[in-house]
Amino acid sequence: FSTDSINAIEMAIVIANKSQASLRWVYVGSDKKFDIPIYFKDLIDSSNFSAEKAFEILTEKYRHEINVPFDTKIRYGKVYKEISNQAKI
């Protein structure tokens, strides 16, 4: 959930809406431990933060802009493997 990934989310929303494609946000973590990204530091208590909570916050923020089917997935492992595995589903 870097600043660049938030920018990618915003662009993905625009592209999905224009092309009427479904939208899936995927987070891949190396383990279940989660360091709070800078983007969220002022939005929530860091002691209770998780990837699920980050997606809840982002979904709430952007839900009115999304006009296509939408979901989120959280996976753990190596990024290149998990993105590849997700694309196969």
# chains A, B, ... in the order shown; residues from 1 in each chain; ligands from 1
$ closest_atom_pairs --of "segment 54-75 of chain A" --to "segment 6-9 of chain A" --cutoff "12 Å" --atoms "only C-alpha atoms" --output "JSON lines"
{"residue": "A:Ala54", "atom": "CA", "partner": "A:Ile6", "partner_atom": "CA", "distance": 11.0}
{"residue": "A:Phe55", "atom": "CA", "partner": "A:Ile6", "partner_atom": "CA", "distance": 11.0}
{"residue": "A:Ile57", "atom": "CA", "partner": "A:Ile6", "partner_atom": "CA", "distance": 11.8}
{"residue": "A:Leu58", "atom": "CA", "partner": "A:Ile6", "partner_atom": "CA", "distance": 8.8}
{"residue": "A:Thr59", "atom": "CA", "partner": "A:Ile9", "partner_atom": "CA", "distance": 10.4}
{"residue": "A:Lys61", "atom": "CA", "partner": "A:Ile6", "partner_atom": "CA", "distance": 11.3}
{"residue": "A:Tyr62", "atom": "CA", "partner": "A:Ile9", "partner_atom": "CA", "distance": 9.2}
{"residue": "A:Arg63", "atom": "CA", "partner": "A:Ile9", "partner_atom": "CA", "distance": 11.7}
{"residue": "A:Glu65", "atom": "CA", "partner": "A:Ile9", "partner_atom": "CA", "distance": 11.3}
{"residue": "A:Ile66", "atom": "CA", "partner": "A:Ile9", "partner_atom": "CA", "distance": 10.7}
{"residue": "A:Phe70", "atom": "CA", "partner": "A:Ile9", "partner_atom": "CA", "distance": 11.9}
{"residue": "A:Thr72", "atom": "CA", "partner": "A:Ile9", "partner_atom": "CA", "distance": 11.5}
$ write_last_selection --atoms "all heavy atoms" --output "compact mmCIF listing (two decimals), in the first residue's frame"
# COMPACT_ATOMS: atom_id res chain seq x y z
N ALA A 54 -6.90 -2.15 5.61
CA ALA A 54 -6.49 -1.22 4.56
C ALA A 54 -7.48 -1.27 3.39
O ALA A 54 -7.90 -0.23 2.87
CB ALA A 54 -5.09 -1.54 4.07
N PHE A 55 -7.87 -2.48 2.98
CA PHE A 55 -8.84 -2.60 1.90
C PHE A 55 -10.20 -2.03 2.30
O PHE A 55 -10.90 -1.44 1.47
CB PHE A 55 -8.99 -4.05 1.44
CG PHE A 55 -8.00 -4.47 0.38
CD1 PHE A 55 -7.48 -5.74 0.36
CD2 PHE A 55 -7.61 -3.60 -0.63
CE1 PHE A 55 -6.59 -6.15 -0.62
CE2 PHE A 55 -6.72 -3.98 -1.61
CZ PHE A 55 -6.20 -5.26 -1.60
N ILE A 57 -10.72 0.52 4.28
CA ILE A 57 -10.57 1.97 4.19
C ILE A 57 -10.59 2.43 2.74
O ILE A 57 -11.28 3.39 2.38
CB ILE A 57 -9.27 2.43 4.89
CG1 ILE A 57 -9.39 2.21 6.40
CG2 ILE A 57 -8.95 3.89 4.57
CD1 ILE A 57 -8.08 2.34 7.14
N LEU A 58 -9.83 1.75 1.89
CA LEU A 58 -9.77 2.13 0.47
C LEU A 58 -11.11 1.91 -0.23
O LEU A 58 -11.53 2.73 -1.05
CB LEU A 58 -8.67 1.35 -0.24
CG LEU A 58 -7.25 1.71 0.18
CD1 LEU A 58 -6.25 0.74 -0.41
CD2 LEU A 58 -6.91 3.14 -0.21
N THR A 59 -11.79 0.83 0.09
CA THR A 59 -13.10 0.56 -0.50
C THR A 59 -14.08 1.65 -0.12
O THR A 59 -14.83 2.16 -0.97
CB THR A 59 -13.62 -0.82 -0.07
OG1 THR A 59 -12.71 -1.82 -0.53
CG2 THR A 59 -15.01 -1.08 -0.64
N LYS A 61 -13.35 4.70 0.73
CA LYS A 61 -12.94 5.95 0.09
C LYS A 61 -13.34 6.00 -1.38
O LYS A 61 -13.79 7.04 -1.88
CB LYS A 61 -11.43 6.13 0.21
CG LYS A 61 -10.93 7.39 -0.47
CD LYS A 61 -9.46 7.62 -0.29
CE LYS A 61 -9.06 8.89 -1.01
NZ LYS A 61 -7.69 9.25 -0.83
N TYR A 62 -13.19 4.89 -2.10
CA TYR A 62 -13.37 4.90 -3.56
C TYR A 62 -14.67 4.26 -4.06
O TYR A 62 -14.94 4.28 -5.25
CB TYR A 62 -12.18 4.19 -4.22
CG TYR A 62 -10.89 4.93 -4.08
CD1 TYR A 62 -9.88 4.47 -3.24
CD2 TYR A 62 -10.66 6.12 -4.77
CE1 TYR A 62 -8.68 5.16 -3.10
CE2 TYR A 62 -9.47 6.82 -4.64
CZ TYR A 62 -8.49 6.33 -3.81
OH TYR A 62 -7.32 7.02 -3.68
N ARG A 63 -15.51 3.72 -3.18
CA ARG A 63 -16.67 2.95 -3.64
C ARG A 63 -17.63 3.75 -4.51
O ARG A 63 -18.28 3.19 -5.39
CB ARG A 63 -17.40 2.32 -2.47
CG ARG A 63 -18.10 3.27 -1.55
CD ARG A 63 -18.67 2.52 -0.35
NE ARG A 63 -19.15 3.45 0.63
CZ ARG A 63 -20.42 3.73 0.82
NH1 ARG A 63 -21.33 3.12 0.11
NH2 ARG A 63 -20.77 4.61 1.72
N GLU A 65 -16.81 5.91 -6.68
CA GLU A 65 -16.19 6.13 -7.98
C GLU A 65 -16.18 4.86 -8.83
O GLU A 65 -15.96 4.93 -10.04
CB GLU A 65 -14.75 6.61 -7.80
CG GLU A 65 -14.65 7.95 -7.10
CD GLU A 65 -13.21 8.35 -6.86
OE1 GLU A 65 -12.35 8.02 -7.70
OE2 GLU A 65 -12.95 8.99 -5.83
N ILE A 66 -16.40 3.71 -8.22
CA ILE A 66 -16.32 2.43 -8.93
C ILE A 66 -17.69 2.07 -9.47
O ILE A 66 -18.64 1.90 -8.71
CB ILE A 66 -15.80 1.33 -7.99
CG1 ILE A 66 -14.41 1.70 -7.47
CG2 ILE A 66 -15.76 -0.01 -8.71
CD1 ILE A 66 -13.90 0.80 -6.36
N PHE A 70 -16.51 -5.36 -8.53
CA PHE A 70 -15.28 -5.06 -7.80
C PHE A 70 -15.08 -6.03 -6.64
O PHE A 70 -16.03 -6.38 -5.96
CB PHE A 70 -15.39 -3.63 -7.29
CG PHE A 70 -14.41 -3.28 -6.22
CD1 PHE A 70 -13.09 -3.05 -6.54
CD2 PHE A 70 -14.81 -3.17 -4.91
CE1 PHE A 70 -12.17 -2.73 -5.56
CE2 PHE A 70 -13.90 -2.83 -3.92
CZ PHE A 70 -12.58 -2.61 -4.25
N THR A 72 -11.66 -7.64 -3.76
CA THR A 72 -10.27 -7.56 -3.29
C THR A 72 -9.80 -8.97 -2.95
O THR A 72 -10.61 -9.82 -2.57
CB THR A 72 -10.14 -6.67 -2.05
OG1 THR A 72 -10.90 -7.22 -0.98
CG2 THR A 72 -10.59 -5.25 -2.35
$ residues_around --residues "Asp71 of chain A" --least-positions-apart "4" --cutoff "7 Å" --atoms "only C-alpha atoms" --output "short mmCIF file (atom, residue, chain, number, x, y, z; two decimals) with N, CA and C atoms, in the first residue's frame"
data_model
loop_
_atom_site.label_atom_id
_atom_site.label_comp_id
_atom_site.auth_asym_id
_atom_site.auth_seq_id
_atom_site.Cartn_x
_atom_site.Cartn_y
_atom_site.Cartn_z
N LEU A 23 -13.05 -5.15 -11.70
CA LEU A 23 -11.87 -4.63 -11.03
C LEU A 23 -11.55 -5.50 -9.83
N ARG A 24 -10.29 -5.92 -9.72
CA ARG A 24 -9.84 -6.68 -8.56
C ARG A 24 -8.56 -6.06 -8.04
N TRP A 25 -8.56 -5.70 -6.76
CA TRP A 25 -7.36 -5.20 -6.11
C TRP A 25 -6.71 -6.37 -5.40
#
$ residues_around --residues "Asn17 of chain A" --least-positions-apart "2" --cutoff "7 Å" --atoms "only C-alpha atoms" --output "PyMOL selection string"
chain A and resi 13-15+19-21+66-68
$ select_by_dssp --residues "segment 58-87 of chain A" --states "helix (DSSP H, G or I)" --output "NGL selection string"
:A and (58-62 or 79-87)
$ write_last_selection --atoms "all heavy atoms" --output "compact mmCIF listing (two decimals), in the first residue's frame"
# COMPACT_ATOMS: atom_id res chain seq x y z
N LEU A 58 -9.83 1.75 1.89
CA LEU A 58 -9.77 2.13 0.47
C LEU A 58 -11.11 1.91 -0.23
O LEU A 58 -11.53 2.73 -1.05
CB LEU A 58 -8.67 1.35 -0.24
CG LEU A 58 -7.25 1.71 0.18
CD1 LEU A 58 -6.25 0.74 -0.41
CD2 LEU A 58 -6.91 3.14 -0.21
N THR A 59 -11.79 0.83 0.09
CA THR A 59 -13.10 0.56 -0.50
C THR A 59 -14.08 1.65 -0.12
O THR A 59 -14.83 2.16 -0.97
CB THR A 59 -13.62 -0.82 -0.07
OG1 THR A 59 -12.71 -1.82 -0.53
CG2 THR A 59 -15.01 -1.08 -0.64
N GLU A 60 -14.08 2.04 1.15
CA GLU A 60 -14.97 3.11 1.60
C GLU A 60 -14.64 4.42 0.89
O GLU A 60 -15.54 5.15 0.48
CB GLU A 60 -14.87 3.29 3.12
CG GLU A 60 -15.78 4.34 3.67
CD GLU A 60 -17.25 4.06 3.46
OE1 GLU A 60 -17.64 2.88 3.37
OE2 GLU A 60 -18.04 5.04 3.36
N LYS A 61 -13.35 4.70 0.73
CA LYS A 61 -12.94 5.95 0.09
C LYS A 61 -13.34 6.00 -1.38
O LYS A 61 -13.79 7.04 -1.88
CB LYS A 61 -11.43 6.13 0.21
CG LYS A 61 -10.93 7.39 -0.47
CD LYS A 61 -9.46 7.62 -0.29
CE LYS A 61 -9.06 8.89 -1.01
NZ LYS A 61 -7.69 9.25 -0.83
N TYR A 62 -13.19 4.89 -2.10
CA TYR A 62 -13.37 4.90 -3.56
C TYR A 62 -14.67 4.26 -4.06
O TYR A 62 -14.94 4.28 -5.25
CB TYR A 62 -12.18 4.19 -4.22
CG TYR A 62 -10.89 4.93 -4.08
CD1 TYR A 62 -9.88 4.47 -3.24
CD2 TYR A 62 -10.66 6.12 -4.77
CE1 TYR A 62 -8.68 5.16 -3.10
CE2 TYR A 62 -9.47 6.82 -4.64
CZ TYR A 62 -8.49 6.33 -3.81
OH TYR A 62 -7.32 7.02 -3.68
N VAL A 79 5.68 -12.05 -4.45
CA VAL A 79 4.78 -11.23 -5.25
C VAL A 79 4.62 -11.81 -6.65
O VAL A 79 3.49 -12.00 -7.12
CB VAL A 79 5.26 -9.76 -5.31
CG1 VAL A 79 4.40 -8.96 -6.26
CG2 VAL A 79 5.24 -9.15 -3.92
N TYR A 80 5.71 -12.10 -7.35
CA TYR A 80 5.60 -12.58 -8.73
C TYR A 80 4.82 -13.88 -8.83
O TYR A 80 4.04 -14.07 -9.76
CB TYR A 80 6.98 -12.70 -9.39
CG TYR A 80 7.82 -13.86 -8.90
CD1 TYR A 80 7.79 -15.08 -9.57
CD2 TYR A 80 8.64 -13.73 -7.79
CE1 TYR A 80 8.56 -16.15 -9.13
CE2 TYR A 80 9.41 -14.78 -7.35
CZ TYR A 80 9.37 -16.00 -8.02
OH TYR A 80 10.13 -17.06 -7.59
N LYS A 81 4.99 -14.79 -7.85
CA LYS A 81 4.26 -16.06 -7.88
C LYS A 81 2.78 -15.85 -7.59
O LYS A 81 1.91 -16.43 -8.25
CB LYS A 81 4.84 -17.03 -6.85
CG LYS A 81 6.11 -17.68 -7.28
CD LYS A 81 6.52 -18.72 -6.25
CE LYS A 81 7.81 -19.39 -6.66
NZ LYS A 81 8.24 -20.39 -5.68
N GLU A 82 2.48 -15.04 -6.61
CA GLU A 82 1.09 -14.86 -6.20
C GLU A 82 0.28 -14.07 -7.24
O GLU A 82 -0.89 -14.37 -7.46
CB GLU A 82 1.01 -14.21 -4.83
CG GLU A 82 1.57 -15.07 -3.72
CD GLU A 82 0.96 -16.47 -3.68
OE1 GLU A 82 -0.26 -16.61 -3.86
OE2 GLU A 82 1.73 -17.42 -3.48
N ILE A 83 0.89 -13.09 -7.88
CA ILE A 83 0.19 -12.37 -8.94
C ILE A 83 -0.06 -13.31 -10.12
O ILE A 83 -1.15 -13.33 -10.70
CB ILE A 83 0.98 -11.12 -9.39
CG1 ILE A 83 1.04 -10.10 -8.24
CG2 ILE A 83 0.38 -10.51 -10.64
CD1 ILE A 83 -0.30 -9.52 -7.81
N SER A 84 0.91 -14.11 -10.46
CA SER A 84 0.76 -15.10 -11.52
C SER A 84 -0.34 -16.11 -11.16
O SER A 84 -1.20 -16.43 -11.99
CB SER A 84 2.08 -15.83 -11.75
OG SER A 84 1.94 -16.82 -12.74
N ASN A 85 -0.32 -16.60 -9.94
CA ASN A 85 -1.36 -17.54 -9.50
C ASN A 85 -2.74 -16.90 -9.52
O ASN A 85 -3.73 -17.52 -9.91
CB ASN A 85 -1.06 -18.08 -8.10
CG ASN A 85 0.11 -19.01 -8.07
OD1 ASN A 85 0.50 -19.59 -9.08
ND2 ASN A 85 0.72 -19.16 -6.91
N GLN A 86 -2.82 -15.66 -9.10
CA GLN A 86 -4.11 -14.95 -9.11
C GLN A 86 -4.63 -14.77 -10.53
O GLN A 86 -5.82 -14.91 -10.80
CB GLN A 86 -3.98 -13.58 -8.43
CG GLN A 86 -5.27 -12.84 -8.30
CD GLN A 86 -6.29 -13.57 -7.45
OE1 GLN A 86 -6.00 -14.00 -6.35
NE2 GLN A 86 -7.49 -13.71 -7.95
N ALA A 87 -3.74 -14.50 -11.47
CA ALA A 87 -4.15 -14.32 -12.88
C ALA A 87 -4.69 -15.60 -13.47
O ALA A 87 -5.52 -15.56 -14.38
CB ALA A 87 -2.95 -13.83 -13.69
$ atom_distance --atom1 "atom CA of Glu10 of chain A" --atom2 "atom CA of Gly77 of chain A"
24.9 Å
$ residues_around --residues "Tyr27 of chain A" --least-positions-apart "6" --cutoff "7 Å" --atoms "only C-alpha atoms" --output "number ranges by chain"
A: 73-75
$ write_last_selection --atoms "all heavy atoms" --output "mmCIF file, in the first residue's frame"
data_model
loop_
_atom_site.group_PDB
_atom_site.id
_atom_site.type_symbol
_atom_site.label_atom_id
_atom_site.label_comp_id
_atom_site.auth_asym_id
_atom_site.auth_seq_id
_atom_site.Cartn_x
_atom_site.Cartn_y
_atom_site.Cartn_z
ATOM 1 N N LYS A 73 -8.510 -9.187 -3.065
ATOM 2 C CA LYS A 73 -7.896 -10.462 -2.690
ATOM 3 C C LYS A 73 -6.629 -10.168 -1.917
ATOM 4 O O LYS A 73 -5.866 -9.270 -2.262
ATOM 5 C CB LYS A 73 -7.531 -11.296 -3.919
ATOM 6 C CG LYS A 73 -8.714 -11.741 -4.740
ATOM 7 C CD LYS A 73 -9.523 -12.759 -4.007
ATOM 8 C CE LYS A 73 -10.719 -13.150 -4.853
ATOM 9 N NZ LYS A 73 -11.648 -13.991 -4.177
ATOM 10 N N ILE A 74 -6.395 -10.963 -0.889
ATOM 11 C CA ILE A 74 -5.173 -10.856 -0.108
ATOM 12 C C ILE A 74 -4.476 -12.203 -0.201
ATOM 13 O O ILE A 74 -5.082 -13.247 0.035
ATOM 14 C CB ILE A 74 -5.476 -10.495 1.352
ATOM 15 C CG1 ILE A 74 -6.154 -9.136 1.403
ATOM 16 C CG2 ILE A 74 -4.198 -10.519 2.186
ATOM 17 C CD1 ILE A 74 -6.691 -8.754 2.745
ATOM 18 N N ARG A 75 -3.215 -12.165 -0.596
ATOM 19 C CA ARG A 75 -2.432 -13.376 -0.759
ATOM 20 C C ARG A 75 -1.106 -13.185 -0.031
ATOM 21 O O ARG A 75 -0.666 -12.064 0.187
ATOM 22 C CB ARG A 75 -2.206 -13.666 -2.235
ATOM 23 C CG ARG A 75 -3.515 -13.829 -3.013
ATOM 24 C CD ARG A 75 -3.260 -14.084 -4.465
ATOM 25 N NE ARG A 75 -2.717 -15.410 -4.662
ATOM 26 C CZ ARG A 75 -3.420 -16.462 -5.069
ATOM 27 N NH1 ARG A 75 -4.695 -16.340 -5.332
ATOM 28 N NH2 ARG A 75 -2.838 -17.637 -5.223
#
$ atom_distance --atom1 "atom CA of Val28 of chain A" --atom2 "atom CA of Lys78 of chain A"
7.5 Å
$ atom_distance --atom1 "atom CA of Pro69 of chain A" --atom2 "atom CA of Phe49 of chain A"
26.1 Å
$ decode --residues "segment 9-28 of chain A" --atoms "N, CA, C and O atoms" --output "PDB file, in the first residue's frame"
ATOM      1  N   ILE A   9      -4.284   2.253  -8.007  1.00  0.00           N
ATOM      2  CA  ILE A   9      -5.703   1.997  -7.729  1.00  0.00           C
ATOM      3  C   ILE A   9      -6.572   3.057  -8.396  1.00  0.00           C
ATOM      4  O   ILE A   9      -7.574   2.743  -9.038  1.00  0.00           O
ATOM      5  N   GLU A  10      -6.178   4.308  -8.253  1.00  0.00           N
ATOM      6  CA  GLU A  10      -6.966   5.396  -8.845  1.00  0.00           C
ATOM      7  C   GLU A  10      -7.019   5.273 -10.369  1.00  0.00           C
ATOM      8  O   GLU A  10      -8.073   5.472 -10.979  1.00  0.00           O
ATOM      9  N   MET A  11      -5.897   4.936 -10.983  1.00  0.00           N
ATOM     10  CA  MET A  11      -5.880   4.769 -12.446  1.00  0.00           C
ATOM     11  C   MET A  11      -6.677   3.535 -12.867  1.00  0.00           C
ATOM     12  O   MET A  11      -7.373   3.553 -13.878  1.00  0.00           O
ATOM     13  N   ALA A  12      -6.583   2.464 -12.093  1.00  0.00           N
ATOM     14  CA  ALA A  12      -7.330   1.241 -12.402  1.00  0.00           C
ATOM     15  C   ALA A  12      -8.835   1.496 -12.377  1.00  0.00           C
ATOM     16  O   ALA A  12      -9.581   0.952 -13.206  1.00  0.00           O
ATOM     17  N   ILE A  13      -9.287   2.314 -11.457  1.00  0.00           N
ATOM     18  CA  ILE A  13     -10.711   2.655 -11.391  1.00  0.00           C
ATOM     19  C   ILE A  13     -11.147   3.360 -12.668  1.00  0.00           C
ATOM     20  O   ILE A  13     -12.169   3.020 -13.261  1.00  0.00           O
ATOM     21  N   VAL A  14     -10.372   4.322 -13.101  1.00  0.00           N
ATOM     22  CA  VAL A  14     -10.698   5.067 -14.325  1.00  0.00           C
ATOM     23  C   VAL A  14     -10.737   4.121 -15.521  1.00  0.00           C
ATOM     24  O   VAL A  14     -11.691   4.130 -16.314  1.00  0.00           O
ATOM     25  N   ILE A  15      -9.713   3.287 -15.669  1.00  0.00           N
ATOM     26  CA  ILE A  15      -9.629   2.374 -16.811  1.00  0.00           C
ATOM     27  C   ILE A  15     -10.763   1.353 -16.774  1.00  0.00           C
ATOM     28  O   ILE A  15     -11.413   1.095 -17.796  1.00  0.00           O
ATOM     29  N   ALA A  16     -11.035   0.775 -15.611  1.00  0.00           N
ATOM     30  CA  ALA A  16     -12.107  -0.214 -15.496  1.00  0.00           C
ATOM     31  C   ALA A  16     -13.466   0.405 -15.808  1.00  0.00           C
ATOM     32  O   ALA A  16     -14.278  -0.192 -16.519  1.00  0.00           O
ATOM     33  N   ASN A  17     -13.718   1.592 -15.304  1.00  0.00           N
ATOM     34  CA  ASN A  17     -14.993   2.254 -15.586  1.00  0.00           C
ATOM     35  C   ASN A  17     -15.159   2.543 -17.077  1.00  0.00           C
ATOM     36  O   ASN A  17     -16.225   2.319 -17.643  1.00  0.00           O
ATOM     37  N   LYS A  18     -14.109   3.041 -17.713  1.00  0.00           N
ATOM     38  CA  LYS A  18     -14.202   3.379 -19.136  1.00  0.00           C
ATOM     39  C   LYS A  18     -14.359   2.147 -20.015  1.00  0.00           C
ATOM     40  O   LYS A  18     -15.036   2.192 -21.034  1.00  0.00           O
ATOM     41  N   SER A  19     -13.716   1.049 -19.632  1.00  0.00           N
ATOM     42  CA  SER A  19     -13.776  -0.162 -20.457  1.00  0.00           C
ATOM     43  C   SER A  19     -14.856  -1.138 -19.992  1.00  0.00           C
ATOM     44  O   SER A  19     -15.029  -2.194 -20.584  1.00  0.00           O
ATOM     45  N   GLN A  20     -15.568  -0.783 -18.921  1.00  0.00           N
ATOM     46  CA  GLN A  20     -16.592  -1.640 -18.329  1.00  0.00           C
ATOM     47  C   GLN A  20     -16.036  -3.019 -17.958  1.00  0.00           C
ATOM     48  O   GLN A  20     -16.703  -4.038 -18.115  1.00  0.00           O
ATOM     49  N   ALA A  21     -14.807  -3.046 -17.474  1.00  0.00           N
ATOM     50  CA  ALA A  21     -14.156  -4.277 -17.023  1.00  0.00           C
ATOM     51  C   ALA A  21     -14.319  -4.409 -15.518  1.00  0.00           C
ATOM     52  O   ALA A  21     -14.427  -3.414 -14.813  1.00  0.00           O
ATOM     53  N   SER A  22     -14.356  -5.622 -15.030  1.00  0.00           N
ATOM     54  CA  SER A  22     -14.400  -5.808 -13.583  1.00  0.00           C
ATOM     55  C   SER A  22     -13.052  -5.407 -12.989  1.00  0.00           C
ATOM     56  O   SER A  22     -12.043  -5.332 -13.692  1.00  0.00           O
ATOM     57  N   LEU A  23     -13.055  -5.153 -11.701  1.00  0.00           N
ATOM     58  CA  LEU A  23     -11.873  -4.628 -11.028  1.00  0.00           C
ATOM     59  C   LEU A  23     -11.548  -5.499  -9.825  1.00  0.00           C
ATOM     60  O   LEU A  23     -12.429  -5.808  -9.021  1.00  0.00           O
ATOM     61  N   ARG A  24     -10.291  -5.921  -9.715  1.00  0.00           N
ATOM     62  CA  ARG A  24      -9.845  -6.682  -8.556  1.00  0.00           C
ATOM     63  C   ARG A  24      -8.560  -6.055  -8.038  1.00  0.00           C
ATOM     64  O   ARG A  24      -7.595  -5.898  -8.770  1.00  0.00           O
ATOM     65  N   TRP A  25      -8.562  -5.698  -6.758  1.00  0.00           N
ATOM     66  CA  TRP A  25      -7.362  -5.199  -6.109  1.00  0.00           C
ATOM     67  C   TRP A  25      -6.714  -6.375  -5.405  1.00  0.00           C
ATOM     68  O   TRP A  25      -7.369  -7.100  -4.657  1.00  0.00           O
ATOM     69  N   VAL A  26      -5.423  -6.579  -5.616  1.00  0.00           N
ATOM     70  CA  VAL A  26      -4.697  -7.693  -5.009  1.00  0.00           C
ATOM     71  C   VAL A  26      -3.563  -7.141  -4.142  1.00  0.00           C
ATOM     72  O   VAL A  26      -2.772  -6.331  -4.610  1.00  0.00           O
ATOM     73  N   TYR A  27      -3.516  -7.597  -2.916  1.00  0.00           N
ATOM     74  CA  TYR A  27      -2.400  -7.282  -2.020  1.00  0.00           C
ATOM     75  C   TYR A  27      -1.624  -8.569  -1.794  1.00  0.00           C
ATOM     76  O   TYR A  27      -2.221  -9.605  -1.462  1.00  0.00           O
ATOM     77  N   VAL A  28      -0.320  -8.536  -1.972  1.00  0.00           N
ATOM     78  CA  VAL A  28       0.526  -9.689  -1.681  1.00  0.00           C
ATOM     79  C   VAL A  28       1.506  -9.289  -0.590  1.00  0.00           C
ATOM     80  O   VAL A  28       2.285  -8.359  -0.756  1.00  0.00           O
TER      81      VAL A  28
END
